[in-house]
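The next block is entry_3.csv, given as CSV, C-alpha atoms.
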chain,number,residue,atom,x,y,z
A,1,MET,CA,-34.9,20.8,-56.5
A,2,SER,CA,-36.2,22.6,-53.5
A,3,LYS,CA,-32.9,22.9,-51.7
A,4,ARG,CA,-33.0,26.3,-53.4
A,5,VAL,CA,-36.2,27.0,-51.4
A,6,LEU,CA,-34.4,26.1,-48.2
A,7,GLU,CA,-31.6,28.6,-49.2
A,8,ILE,CA,-34.2,31.3,-49.9
A,9,LEU,CA,-35.9,30.6,-46.5
A,10,LYS,CA,-32.6,30.7,-44.7
A,11,SER,CA,-31.6,34.0,-46.3
A,12,LYS,CA,-35.0,35.5,-45.6
A,13,PHE,CA,-35.7,34.3,-42.1
A,14,GLY,CA,-32.3,33.6,-40.7
A,15,ASP,CA,-32.5,32.4,-37.1
A,16,ASP,CA,-36.2,31.5,-37.3
A,17,ILE,CA,-35.2,28.5,-39.5
A,18,TYR,CA,-33.9,26.2,-36.7
A,19,GLU,CA,-32.8,23.2,-38.9
A,20,THR,CA,-32.8,22.1,-42.4
A,21,HIS,CA,-32.5,18.7,-43.8
A,22,SER,CA,-32.3,17.3,-47.4
A,23,GLN,CA,-32.3,13.6,-48.3
A,24,PHE,CA,-33.6,11.6,-51.2
A,25,GLY,CA,-35.4,14.7,-52.6
A,26,ASP,CA,-37.1,15.4,-49.3
A,27,ASP,CA,-36.4,18.9,-48.1
A,28,THR,CA,-37.4,19.8,-44.6
A,29,ALA,CA,-37.1,22.9,-42.5
A,30,VAL,CA,-37.8,23.1,-38.8
A,31,VAL,CA,-39.0,26.6,-38.2
A,32,ASN,CA,-39.9,28.9,-35.3
A,33,PRO,CA,-43.6,28.3,-34.5
A,34,GLU,CA,-44.1,32.1,-33.8
A,35,LYS,CA,-43.3,32.7,-37.5
A,36,TRP,CA,-45.4,29.8,-38.8
A,37,ARG,CA,-48.0,31.7,-40.8
A,38,GLU,CA,-45.6,34.4,-41.9
A,39,ILE,CA,-43.3,31.7,-43.4
A,40,ALA,CA,-46.3,30.0,-45.0
A,41,ARG,CA,-47.5,33.2,-46.6
A,42,PHE,CA,-44.0,33.9,-47.8
A,43,LEU,CA,-43.7,30.5,-49.4
A,44,ARG,CA,-47.0,31.0,-51.2
A,45,ASP,CA,-46.4,34.5,-52.4
A,46,ASP,CA,-42.7,34.5,-53.3
A,47,PRO,CA,-42.4,34.0,-57.0
A,48,GLN,CA,-39.3,31.8,-56.6
A,49,CYS,CA,-41.1,29.5,-54.2
A,50,ALA,CA,-44.7,29.8,-55.4
A,51,MET,CA,-46.0,27.0,-53.1
A,52,ASN,CA,-49.6,27.2,-54.4
A,53,MET,CA,-50.7,23.7,-53.5
A,54,PHE,CA,-51.4,22.7,-49.9
A,55,VAL,CA,-50.7,19.0,-49.7
A,56,ASP,CA,-51.0,17.8,-46.1
A,57,LEU,CA,-50.9,18.9,-42.5
A,58,THR,CA,-50.6,16.7,-39.4
A,59,ALA,CA,-48.8,16.4,-36.2
A,60,VAL,CA,-46.5,13.9,-34.4
A,61,ASP,CA,-46.4,13.2,-30.7
A,62,TYR,CA,-42.9,12.5,-29.4
A,63,LEU,CA,-43.9,11.8,-25.8
A,64,GLY,CA,-40.7,11.4,-23.7
A,65,ARG,CA,-38.4,11.8,-26.7
A,66,GLN,CA,-38.1,15.5,-27.1
A,67,THR,CA,-39.0,18.5,-25.1
A,68,PRO,CA,-41.3,20.4,-27.4
A,69,ARG,CA,-43.4,17.4,-27.4
A,70,PHE,CA,-45.5,17.9,-30.6
A,71,GLU,CA,-44.3,18.5,-34.1
A,72,VAL,CA,-46.7,20.0,-36.6
A,73,VAL,CA,-45.8,19.0,-40.1
A,74,LEU,CA,-46.9,20.8,-43.2
A,75,HIS,CA,-46.3,19.5,-46.7
A,76,LEU,CA,-46.4,22.0,-49.6
A,77,ARG,CA,-46.0,21.7,-53.4
A,78,SER,CA,-45.5,24.2,-56.1
A,79,MET,CA,-47.5,23.3,-59.2
A,80,ASP,CA,-45.7,25.9,-61.3
A,81,ARG,CA,-42.2,25.2,-60.3
A,82,ASN,CA,-42.7,21.5,-59.5
A,83,HIS,CA,-41.0,21.4,-56.2
A,84,ARG,CA,-42.0,20.3,-52.7
A,85,ILE,CA,-41.0,21.3,-49.2
A,86,ARG,CA,-41.9,20.1,-45.7
A,87,LEU,CA,-42.2,22.5,-42.8
A,88,LYS,CA,-42.1,21.5,-39.2
A,89,ALA,CA,-42.7,23.4,-36.0
A,90,ARG,CA,-42.1,22.0,-32.5
A,91,ILE,CA,-44.7,23.1,-29.8
A,92,GLY,CA,-46.0,22.1,-26.4
A,93,ASP,CA,-44.3,20.8,-23.3
A,94,GLU,CA,-44.2,17.4,-21.6
A,95,ASP,CA,-47.7,17.9,-20.1
A,96,ALA,CA,-49.2,19.2,-23.4
A,97,ASN,CA,-49.4,22.8,-22.3
A,98,GLY,CA,-49.1,25.4,-24.9
A,99,VAL,CA,-50.0,23.2,-27.8
A,100,GLU,CA,-51.0,26.0,-30.1
A,101,ILE,CA,-49.9,27.4,-33.4
A,102,ASP,CA,-51.2,29.8,-36.0
A,103,SER,CA,-53.8,28.5,-38.4
A,104,VAL,CA,-52.8,28.6,-42.1
A,105,VAL,CA,-56.4,28.5,-43.4
A,106,SER,CA,-56.0,32.2,-44.3
A,107,VAL,CA,-53.1,31.2,-46.6
A,108,TRP,CA,-54.5,28.0,-48.1
A,109,LYS,CA,-58.3,27.3,-47.8
A,110,GLY,CA,-57.5,23.5,-48.1
A,111,ALA,CA,-55.9,23.5,-44.7
A,112,ASN,CA,-59.3,23.8,-42.9
A,113,TRP,CA,-60.2,20.2,-42.6
A,114,PHE,CA,-56.6,19.1,-42.0
A,115,GLU,CA,-56.3,21.4,-39.1
A,116,ARG,CA,-59.6,20.2,-37.7
A,117,GLU,CA,-58.4,16.6,-37.9
A,118,CYS,CA,-55.1,17.6,-36.3
A,119,PHE,CA,-57.1,19.3,-33.5
A,120,ASP,CA,-59.3,16.2,-33.2
A,121,MET,CA,-56.5,13.7,-33.0
A,122,PHE,CA,-53.7,15.6,-31.2
A,123,GLY,CA,-55.4,18.5,-29.6
A,124,VAL,CA,-53.3,21.1,-31.4
A,125,ASN,CA,-55.1,24.4,-31.0
A,126,PHE,CA,-54.9,26.4,-34.3
A,127,LYS,CA,-55.2,30.1,-33.5
A,128,GLY,CA,-57.4,31.9,-36.1
A,129,HIS,CA,-59.1,28.8,-37.5
A,130,PRO,CA,-62.6,29.7,-38.6
A,131,ASP,CA,-64.3,26.6,-37.3
A,132,LEU,CA,-62.1,24.5,-35.0
A,133,ARG,CA,-64.2,21.5,-33.8
A,134,ARG,CA,-63.9,17.7,-34.0
A,135,ILE,CA,-64.2,16.2,-37.5
A,136,LEU,CA,-63.7,12.4,-37.1
A,137,MET,CA,-64.6,11.6,-33.5
A,138,TYR,CA,-68.0,12.4,-32.0
A,139,PRO,CA,-68.5,15.6,-30.1
A,140,GLU,CA,-68.9,13.7,-26.8
A,141,PHE,CA,-65.4,12.2,-27.1
A,142,VAL,CA,-63.0,13.3,-24.3
A,143,GLY,CA,-59.3,13.5,-24.9
A,144,TYR,CA,-57.2,13.2,-28.0
A,145,PRO,CA,-56.8,9.6,-29.2
A,146,LEU,CA,-53.5,9.9,-31.2
A,147,ARG,CA,-51.6,11.3,-28.3
A,148,LYS,CA,-49.2,8.8,-27.0
A,149,ASP,CA,-50.6,9.1,-23.5
A,150,TYR,CA,-54.1,8.1,-24.6
A,151,PRO,CA,-54.6,4.6,-23.2
A,152,ALA,CA,-54.6,2.0,-26.0
A,153,ASP,CA,-57.6,0.1,-24.6
A,154,LYS,CA,-59.7,3.0,-23.6
A,155,ILE,CA,-63.1,3.2,-25.4
A,156,GLN,CA,-65.8,5.8,-24.9
A,157,PRO,CA,-69.0,4.1,-26.0
A,158,LEU,CA,-72.0,6.3,-26.9
A,159,VAL,CA,-74.6,3.6,-26.0
A,160,GLU,CA,-74.5,1.4,-23.0
A,161,LEU,CA,-72.7,-1.9,-23.9
A,162,ARG,CA,-74.6,-5.1,-23.2
A,163,ASN,CA,-73.2,-7.4,-20.5
A,164,VAL,CA,-72.1,-10.3,-22.7
A,165,PRO,CA,-69.5,-12.9,-22.0
A,166,ASP,CA,-66.4,-11.7,-23.6
A,167,LYS,CA,-66.3,-14.0,-26.5
A,168,LEU,CA,-67.8,-17.3,-27.7
A,169,PRO,CA,-65.4,-20.2,-28.5
A,170,PRO,CA,-64.0,-19.3,-31.9
A,171,PHE,CA,-63.3,-15.8,-30.6
A,172,GLY,CA,-61.4,-16.8,-27.5
A,173,ILE,CA,-59.0,-14.6,-25.8
A,174,ASP,CA,-56.1,-16.1,-27.7
A,175,GLU,CA,-57.7,-15.5,-31.1
A,176,GLY,CA,-57.0,-11.8,-31.3
A,177,MET,CA,-54.0,-10.1,-32.8
A,178,PRO,CA,-51.3,-9.5,-30.2
A,179,PHE,CA,-50.1,-6.3,-31.8
A,180,GLY,CA,-53.3,-4.5,-30.9
A,181,ARG,CA,-52.3,-4.2,-27.3
A,182,GLN,CA,-48.9,-2.5,-27.6
A,183,THR,CA,-48.6,0.3,-25.1
A,184,HIS,CA,-46.4,3.3,-25.7
A,185,ASP,CA,-45.2,4.2,-22.2
A,186,TYR,CA,-41.7,5.4,-23.1
A,187,PRO,CA,-39.7,6.2,-20.0
A,188,ARG,CA,-39.6,10.0,-19.7
A,189,GLY,CA,-36.3,11.6,-20.7
A,190,GLU,CA,-34.7,8.3,-21.6
A,191,GLU,CA,-33.7,7.5,-25.1
A,192,THR,CA,-35.5,4.4,-26.3
A,193,ASN,CA,-34.8,2.8,-29.6
B,1,MET,CA,-108.1,-44.5,-60.5
B,2,THR,CA,-105.9,-44.8,-63.5
B,3,THR,CA,-103.1,-47.2,-64.4
B,4,GLY,CA,-99.9,-45.7,-65.6
B,5,GLY,CA,-96.9,-47.5,-66.9
B,6,ALA,CA,-95.7,-50.9,-65.8
B,7,GLY,CA,-97.6,-51.6,-62.6
B,8,THR,CA,-97.6,-48.1,-61.0
B,9,THR,CA,-100.8,-46.6,-60.0
B,10,ILE,CA,-101.5,-42.8,-59.7
B,11,GLN,CA,-104.4,-41.7,-57.6
B,12,VAL,CA,-106.0,-38.4,-58.4
B,13,LEU,CA,-107.8,-36.8,-55.6
B,14,GLU,CA,-111.0,-35.1,-56.6
B,15,GLY,CA,-113.9,-33.3,-55.0
B,16,SER,CA,-114.0,-33.8,-51.2
B,17,GLU,CA,-111.1,-36.3,-51.2
B,18,THR,CA,-108.5,-33.6,-50.3
B,19,GLY,CA,-105.6,-34.6,-48.0
B,20,PHE,CA,-104.5,-33.1,-44.7
B,21,ALA,CA,-101.4,-32.8,-42.6
B,22,THR,CA,-101.0,-32.4,-38.9
B,23,THR,CA,-98.5,-30.1,-37.3
B,24,ARG,CA,-98.0,-27.8,-34.4
B,25,PHE,CA,-98.9,-24.2,-34.9
B,26,ASP,CA,-95.5,-22.8,-33.9
B,27,ALA,CA,-93.8,-25.3,-36.2
B,28,LEU,CA,-95.9,-24.1,-39.1
B,29,LEU,CA,-95.1,-20.5,-38.3
B,30,ASN,CA,-91.4,-21.2,-37.9
B,31,TRP,CA,-91.5,-23.0,-41.3
B,32,ALA,CA,-93.1,-19.9,-42.9
B,33,ARG,CA,-90.6,-17.5,-41.2
B,34,LYS,CA,-87.7,-19.6,-42.3
B,35,TYR,CA,-88.5,-19.1,-46.0
B,36,SER,CA,-89.6,-15.5,-45.9
B,37,LEU,CA,-86.6,-13.6,-44.5
B,38,PHE,CA,-86.7,-10.0,-45.4
B,39,GLN,CA,-83.2,-8.6,-45.2
B,40,TYR,CA,-82.1,-5.3,-44.0
B,41,PRO,CA,-78.4,-4.8,-45.2
B,42,PHE,CA,-76.5,-2.6,-42.8
B,43,ILE,CA,-73.3,-2.3,-44.9
B,44,THR,CA,-70.4,-0.3,-43.8
B,45,ALA,CA,-67.0,-1.6,-45.0
B,46,CYS,CA,-65.0,-3.9,-47.2
B,47,CYS,CA,-67.3,-6.9,-46.6
B,48,ALA,CA,-69.9,-5.0,-48.6
B,49,MET,CA,-68.3,-6.2,-51.8
B,50,GLU,CA,-68.6,-9.7,-50.6
B,51,PHE,CA,-72.2,-9.1,-49.8
B,52,MET,CA,-72.8,-7.8,-53.3
B,53,ALA,CA,-71.2,-11.0,-54.7
B,54,MET,CA,-73.5,-13.1,-52.4
B,55,ALA,CA,-76.6,-11.3,-53.7
B,56,SER,CA,-75.5,-11.6,-57.3
B,57,PRO,CA,-76.3,-14.5,-59.6
B,58,ARG,CA,-73.2,-16.6,-59.0
B,59,PHE,CA,-73.9,-17.3,-55.4
B,60,ASP,CA,-77.5,-16.2,-55.5
B,61,MET,CA,-78.8,-15.7,-52.0
B,62,ALA,CA,-82.3,-15.5,-53.4
B,63,ARG,CA,-82.6,-19.2,-53.7
B,64,PHE,CA,-82.8,-19.6,-50.0
B,65,GLY,CA,-85.9,-17.6,-49.5
B,66,ALA,CA,-83.9,-14.6,-48.3
B,67,GLU,CA,-84.5,-12.7,-51.3
B,68,ALA,CA,-85.9,-9.3,-50.8
B,69,PRO,CA,-83.7,-6.5,-49.3
B,70,ARG,CA,-85.8,-3.9,-47.6
B,71,PHE,CA,-84.2,-0.6,-46.8
B,72,SER,CA,-86.6,0.2,-44.0
B,73,PRO,CA,-86.1,-1.6,-40.7
B,74,ARG,CA,-89.9,-1.8,-40.1
B,75,GLN,CA,-90.3,-4.0,-43.2
B,76,ALA,CA,-87.4,-6.3,-42.4
B,77,ASP,CA,-86.8,-9.2,-40.0
B,78,LEU,CA,-83.2,-10.2,-40.8
B,79,LEU,CA,-80.5,-7.6,-40.0
B,80,TRP,CA,-77.3,-8.2,-41.9
B,81,VAL,CA,-74.5,-6.3,-40.2
B,82,VAL,CA,-71.8,-6.3,-42.9
B,83,GLY,CA,-68.5,-4.5,-42.0
B,84,THR,CA,-66.8,-2.6,-39.2
B,85,ILE,CA,-69.0,-0.8,-36.8
B,86,SER,CA,-67.5,2.2,-35.1
B,87,GLN,CA,-68.4,3.6,-31.7
B,88,ARG,CA,-69.9,6.5,-33.5
B,89,GLN,CA,-72.2,4.2,-35.5
B,90,ALA,CA,-73.3,2.0,-32.6
B,91,PRO,CA,-76.3,4.2,-31.6
B,92,ALA,CA,-77.6,4.1,-35.2
B,93,LEU,CA,-77.2,0.4,-35.4
B,94,LYS,CA,-79.0,-0.1,-32.1
B,95,ARG,CA,-81.9,2.2,-33.1
B,96,ILE,CA,-82.3,0.3,-36.4
B,97,TYR,CA,-82.5,-3.0,-34.5
B,98,GLU,CA,-85.0,-1.6,-32.1
B,99,GLN,CA,-87.2,-0.3,-35.0
B,100,MET,CA,-87.4,-3.8,-36.6
B,101,ALA,CA,-90.6,-5.7,-35.9
B,102,ASP,CA,-90.5,-9.0,-34.0
B,103,PRO,CA,-89.5,-11.7,-34.6
B,104,LYS,CA,-86.1,-10.3,-35.7
B,105,TYR,CA,-82.8,-12.0,-36.4
B,106,VAL,CA,-79.3,-10.6,-36.6
B,107,PHE,CA,-76.5,-11.9,-38.9
B,108,ALA,CA,-72.9,-10.8,-38.1
B,109,PHE,CA,-71.1,-10.9,-41.4
B,110,GLY,CA,-67.3,-11.1,-41.1
B,111,THR,CA,-64.8,-10.8,-38.3
B,112,CYS,CA,-65.3,-7.1,-37.7
B,113,ALA,CA,-69.0,-7.4,-37.1
B,114,SER,CA,-68.4,-10.5,-35.0
B,115,CYS,CA,-65.7,-9.4,-32.7
B,116,GLY,CA,-64.1,-6.2,-34.0
B,117,GLY,CA,-61.6,-8.1,-36.1
B,118,PHE,CA,-58.1,-6.7,-36.0
B,119,TYR,CA,-59.3,-3.4,-34.8
B,120,ASP,CA,-58.5,-3.2,-31.1
B,121,ASN,CA,-58.7,0.5,-30.4
B,122,TYR,CA,-60.6,3.5,-29.3
B,123,THR,CA,-62.8,3.8,-32.3
B,124,THR,CA,-64.1,0.4,-33.2
B,125,LEU,CA,-66.9,-1.5,-31.5
B,126,ALA,CA,-65.5,-4.9,-30.5
B,127,GLY,CA,-68.3,-6.9,-32.1
B,128,ILE,CA,-71.9,-5.9,-32.6
B,129,ASP,CA,-73.1,-8.2,-29.8
B,130,LYS,CA,-71.8,-5.5,-27.4
B,131,VAL,CA,-74.9,-3.5,-28.6
B,132,ILE,CA,-77.5,-5.9,-30.0
B,133,PRO,CA,-78.0,-9.7,-29.7
B,134,VAL,CA,-76.6,-11.8,-32.6
B,135,ASP,CA,-78.1,-15.0,-33.9
B,136,VAL,CA,-75.3,-16.1,-36.3
B,137,TYR,CA,-71.7,-15.2,-36.5
B,138,VAL,CA,-69.8,-15.7,-39.7
B,139,PRO,CA,-66.0,-15.4,-39.1
B,140,GLY,CA,-63.6,-14.6,-41.9
B,141,CYS,CA,-62.0,-11.5,-43.3
B,142,PRO,CA,-63.9,-11.5,-45.6
B,143,PRO,CA,-65.9,-14.8,-45.1
B,144,ARG,CA,-66.0,-17.1,-48.1
B,145,PRO,CA,-69.4,-17.1,-49.8
B,146,GLU,CA,-69.7,-20.8,-48.8
B,147,ALA,CA,-69.4,-19.8,-45.1
B,148,VAL,CA,-72.1,-17.1,-45.6
B,149,ILE,CA,-74.4,-19.7,-47.2
B,150,ASP,CA,-73.6,-22.1,-44.3
B,151,GLY,CA,-74.6,-19.3,-41.9
B,152,LEU,CA,-77.8,-18.6,-43.7
B,153,LEU,CA,-78.8,-22.2,-43.7
B,154,LEU,CA,-77.8,-22.5,-40.1
B,155,LEU,CA,-80.0,-19.5,-39.3
B,156,GLN,CA,-82.9,-21.1,-41.2
B,157,ASP,CA,-82.4,-24.3,-39.3
B,158,LYS,CA,-82.4,-22.4,-36.0
B,159,ILE,CA,-85.6,-20.6,-37.0
B,160,ALA,CA,-87.2,-23.9,-37.8
B,161,ARG,CA,-86.2,-25.3,-34.5
B,162,GLY,CA,-87.2,-22.2,-32.6
B,163,ASP,CA,-83.6,-22.0,-31.2
B,164,ARG,CA,-82.5,-18.4,-30.4
B,165,THR,CA,-79.0,-19.2,-29.0
B,166,PRO,CA,-76.1,-17.6,-30.8
B,167,ALA,CA,-74.4,-19.8,-33.4
B,168,ILE,CA,-71.1,-19.7,-35.2
B,169,VAL,CA,-70.3,-21.0,-38.6
B,170,LYS,CA,-67.5,-23.5,-38.2
B,171,PRO,CA,-64.7,-23.9,-40.7
B,172,ARG,CA,-65.3,-26.7,-43.2
B,173,ARG,CA,-62.0,-28.2,-42.4
B,174,ASP,CA,-60.0,-27.8,-39.2
B,175,PRO,CA,-56.8,-26.1,-40.2
B,176,THR,CA,-54.9,-27.7,-37.4
B,177,VAL,CA,-55.7,-31.1,-38.6
B,178,GLN,CA,-54.7,-30.2,-42.1
B,179,ALA,CA,-51.4,-28.5,-41.1
B,180,GLY,CA,-49.5,-31.8,-41.2
B,181,ASN,CA,-50.4,-32.3,-44.8
B,182,LEU,CA,-49.3,-28.9,-46.0
B,183,VAL,CA,-46.6,-28.8,-48.7
B,184,ARG,CA,-43.5,-27.0,-47.5
B,185,LEU,CA,-42.7,-24.5,-50.2
B,186,GLY,CA,-39.1,-23.6,-51.1
B,187,LYS,CA,-37.7,-26.7,-49.5
B,188,LYS,CA,-36.2,-29.4,-51.7
B,189,SER,CA,-37.2,-33.0,-51.1
B,190,THR,CA,-34.9,-34.9,-48.7
B,191,ALA,CA,-35.8,-38.2,-50.3
B,192,THR,CA,-32.7,-38.3,-52.5

I need this file expressed as structure tokens, please.
Amino acid sequence: MSKRVLEILKSKFGDDIYETHSQFGDDTAVVNPEKWREIARFLRDDPQCAMNMFVDLTAVDYLGRQTPRFEVVLHLRSMDRNHRIRLKARIGDEDANGVEIDSVVSVWKGANWFERECFDMFGVNFKGHPDLRRILMYPEFVGYPLRKDYPADKIQPLVELRNVPDKLPPFGIDEGMPFGRQTHDYPRGEETN
Amino acid sequence: MTTGGAGTTIQVLEGSETGFATTRFDALLNWARKYSLFQYPFITACCAMEFMAMASPRFDMARFGAEAPRFSPRQADLLWVVGTISQRQAPALKRIYEQMADPKYVFAFGTCASCGGFYDNYTTLAGIDKVIPVDVYVPGCPPRPEAVIDGLLLLQDKIARGDRTPAIVKPRRDPTVQAGNLVRLGKKSTAT
């Protein structure tokens, strides 16, 4: 039961814990991004928390849904006490300015590649990361493909594509999967469900 | 001249009595190429397991004279592109194709290699024919081994005829024709 961890966090950090949430064994805390690494280090070192296992780190883009547009999500687990917690921090404005947060590589070494992936896909700048460069996409790639404002049909080929007719008969225009072309242009500031 | 069995005669040619055949030179070359395909497997994704099954004894690709896989493009003349090709891999695929010696043939194994499959995004190449010319497309995700054998025989047929236009393995049965005969599951008979 890591609700106890949430209680410890709230008593220790007070106003820097913006929200907490517990459901179905998922315990989540939305924290102040300024205190990101401090909270992470506390969770690792405090004997009652003992979050010695880094599980996952990624980001979510809520374009047009919320004002700090990105949410960095960190999943932690304690091998000794067998509890988990999820930390979130909201960063960045509508135009993706100020998308930066402290790196937690100095707390858990395992965070290194996850932060590189998050930088690669979302353009989150991790301050203090030892080697922040693309990990999945090629170095020539421009932009961040998992941002919601990256065009769904935009490709950046490395070699010149041949000029071929789009497809031969069995691969006609109606043969593809229609769900591949969904666009995610949510109206700004308007709730869409 | 010897007499064998009931009324059949067998003639044994001896000495200078050897036979001959006439043909065109390119037809002879094409016939030789057809049965000596040296494969280069460029295998990236889930179709790889299907390819292994194709090469293993049950389906036995070797019986069509496409036996020897060569892991050097300079020693191969049939490029099997098996699996999804990403934008990042496309330059490597193109370079391998360019390094192969002429005459060279390309086999697109599976839907991803043929047209990108269900990937329609920033990272996947929408079919290898955007980068290199393809001789035979085998659709299917993954293709049935029978379809791959059809494709290989189609390629050999095309080589024999000297035909370099792209070809597609057609389904054995047209699903739209068969649709009327499908059994509706979960629906009781209305005959009573």

List every residue of chain A that has an atom at most 7 Å from any atom of chain B, giving for each one its closest atom pair and the distance in Å to one decimal, counting all atoms listed in the file, sorted by chain and then by ascending residue number, as a Markdown table.
| residue | atom | partner | partner_atom | distance |
| --- | --- | --- | --- | --- |
| A:Tyr138 | CA | B:Arg88 | CA | 6.4 |
| A:Ala152 | CA | B:Asn121 | CA | 6.2 |
| A:Asp153 | CA | B:Asn121 | CA | 5.9 |
| A:Lys154 | CA | B:Tyr122 | CA | 5.8 |
| A:Ile155 | CA | B:Tyr122 | CA | 4.6 |
| A:Pro157 | CA | B:Gln87 | CA | 5.8 |
| A:Leu158 | CA | B:Gln87 | CA | 6.6 |
| A:Val159 | CA | B:Pro91 | CA | 5.9 |
| A:Leu161 | CA | B:Lys130 | CA | 5.1 |
| A:Arg162 | CA | B:Lys130 | CA | 5.1 |
| A:Val164 | CA | B:Lys130 | CA | 6.7 |
| A:Met177 | CA | B:Phe118 | CA | 6.2 |
| A:Gly180 | CA | B:Asp120 | CA | 5.4 |

Name the residues in contact with region 60-77 of chain A at a cut-off of 9 Å, using only C-alpha atoms, excluding same-chain residues fewer than 2 positions from it; report them as a ChimeraX atom specification. /A:43,50-58,79-96,99,101,118,122,124,146-149,184-192

What would the list of residues within 8 Å of (-72.4, -18.2, -42.6) (file frame) look like as a PDB file with C-alpha atoms, in the coordinates of the input, if all atoms listed in the file are what count?
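Saved file out-v7.pdb follows:
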ATOM      1  CA  PHE B 109     -71.100 -10.900 -41.400  1.00  0.00           C
ATOM      2  CA  VAL B 136     -75.300 -16.100 -36.300  1.00  0.00           C
ATOM      3  CA  TYR B 137     -71.700 -15.200 -36.500  1.00  0.00           C
ATOM      4  CA  VAL B 138     -69.800 -15.700 -39.700  1.00  0.00           C
ATOM      5  CA  PRO B 139     -66.000 -15.400 -39.100  1.00  0.00           C
ATOM      6  CA  PRO B 143     -65.900 -14.800 -45.100  1.00  0.00           C
ATOM      7  CA  PRO B 145     -69.400 -17.100 -49.800  1.00  0.00           C
ATOM      8  CA  GLU B 146     -69.700 -20.800 -48.800  1.00  0.00           C
ATOM      9  CA  ALA B 147     -69.400 -19.800 -45.100  1.00  0.00           C
ATOM     10  CA  VAL B 148     -72.100 -17.100 -45.600  1.00  0.00           C
ATOM     11  CA  ILE B 149     -74.400 -19.700 -47.200  1.00  0.00           C
ATOM     12  CA  ASP B 150     -73.600 -22.100 -44.300  1.00  0.00           C
ATOM     13  CA  GLY B 151     -74.600 -19.300 -41.900  1.00  0.00           C
ATOM     14  CA  LEU B 152     -77.800 -18.600 -43.700  1.00  0.00           C
ATOM     15  CA  LEU B 153     -78.800 -22.200 -43.700  1.00  0.00           C
ATOM     16  CA  LEU B 154     -77.800 -22.500 -40.100  1.00  0.00           C
ATOM     17  CA  ILE B 168     -71.100 -19.700 -35.200  1.00  0.00           C
ATOM     18  CA  VAL B 169     -70.300 -21.000 -38.600  1.00  0.00           C
TER      19      VAL B 169
END

What's around Thr84 (chain B) at 6 Å? Count only C-alpha atoms, leave out sequence neighbours fewer than 2 positions away in its own chain, and write the answer as a ChimeraX atom specification. /B:45,112-113

Can you tell me which residues surround region 139-143 of chain A at a distance of at most 8 Å, considering all atoms listed in the file, apart from same-chain residues fewer than 5 positions away, and format the answer as a ChimeraX atom specification? /A:123,134,150,156
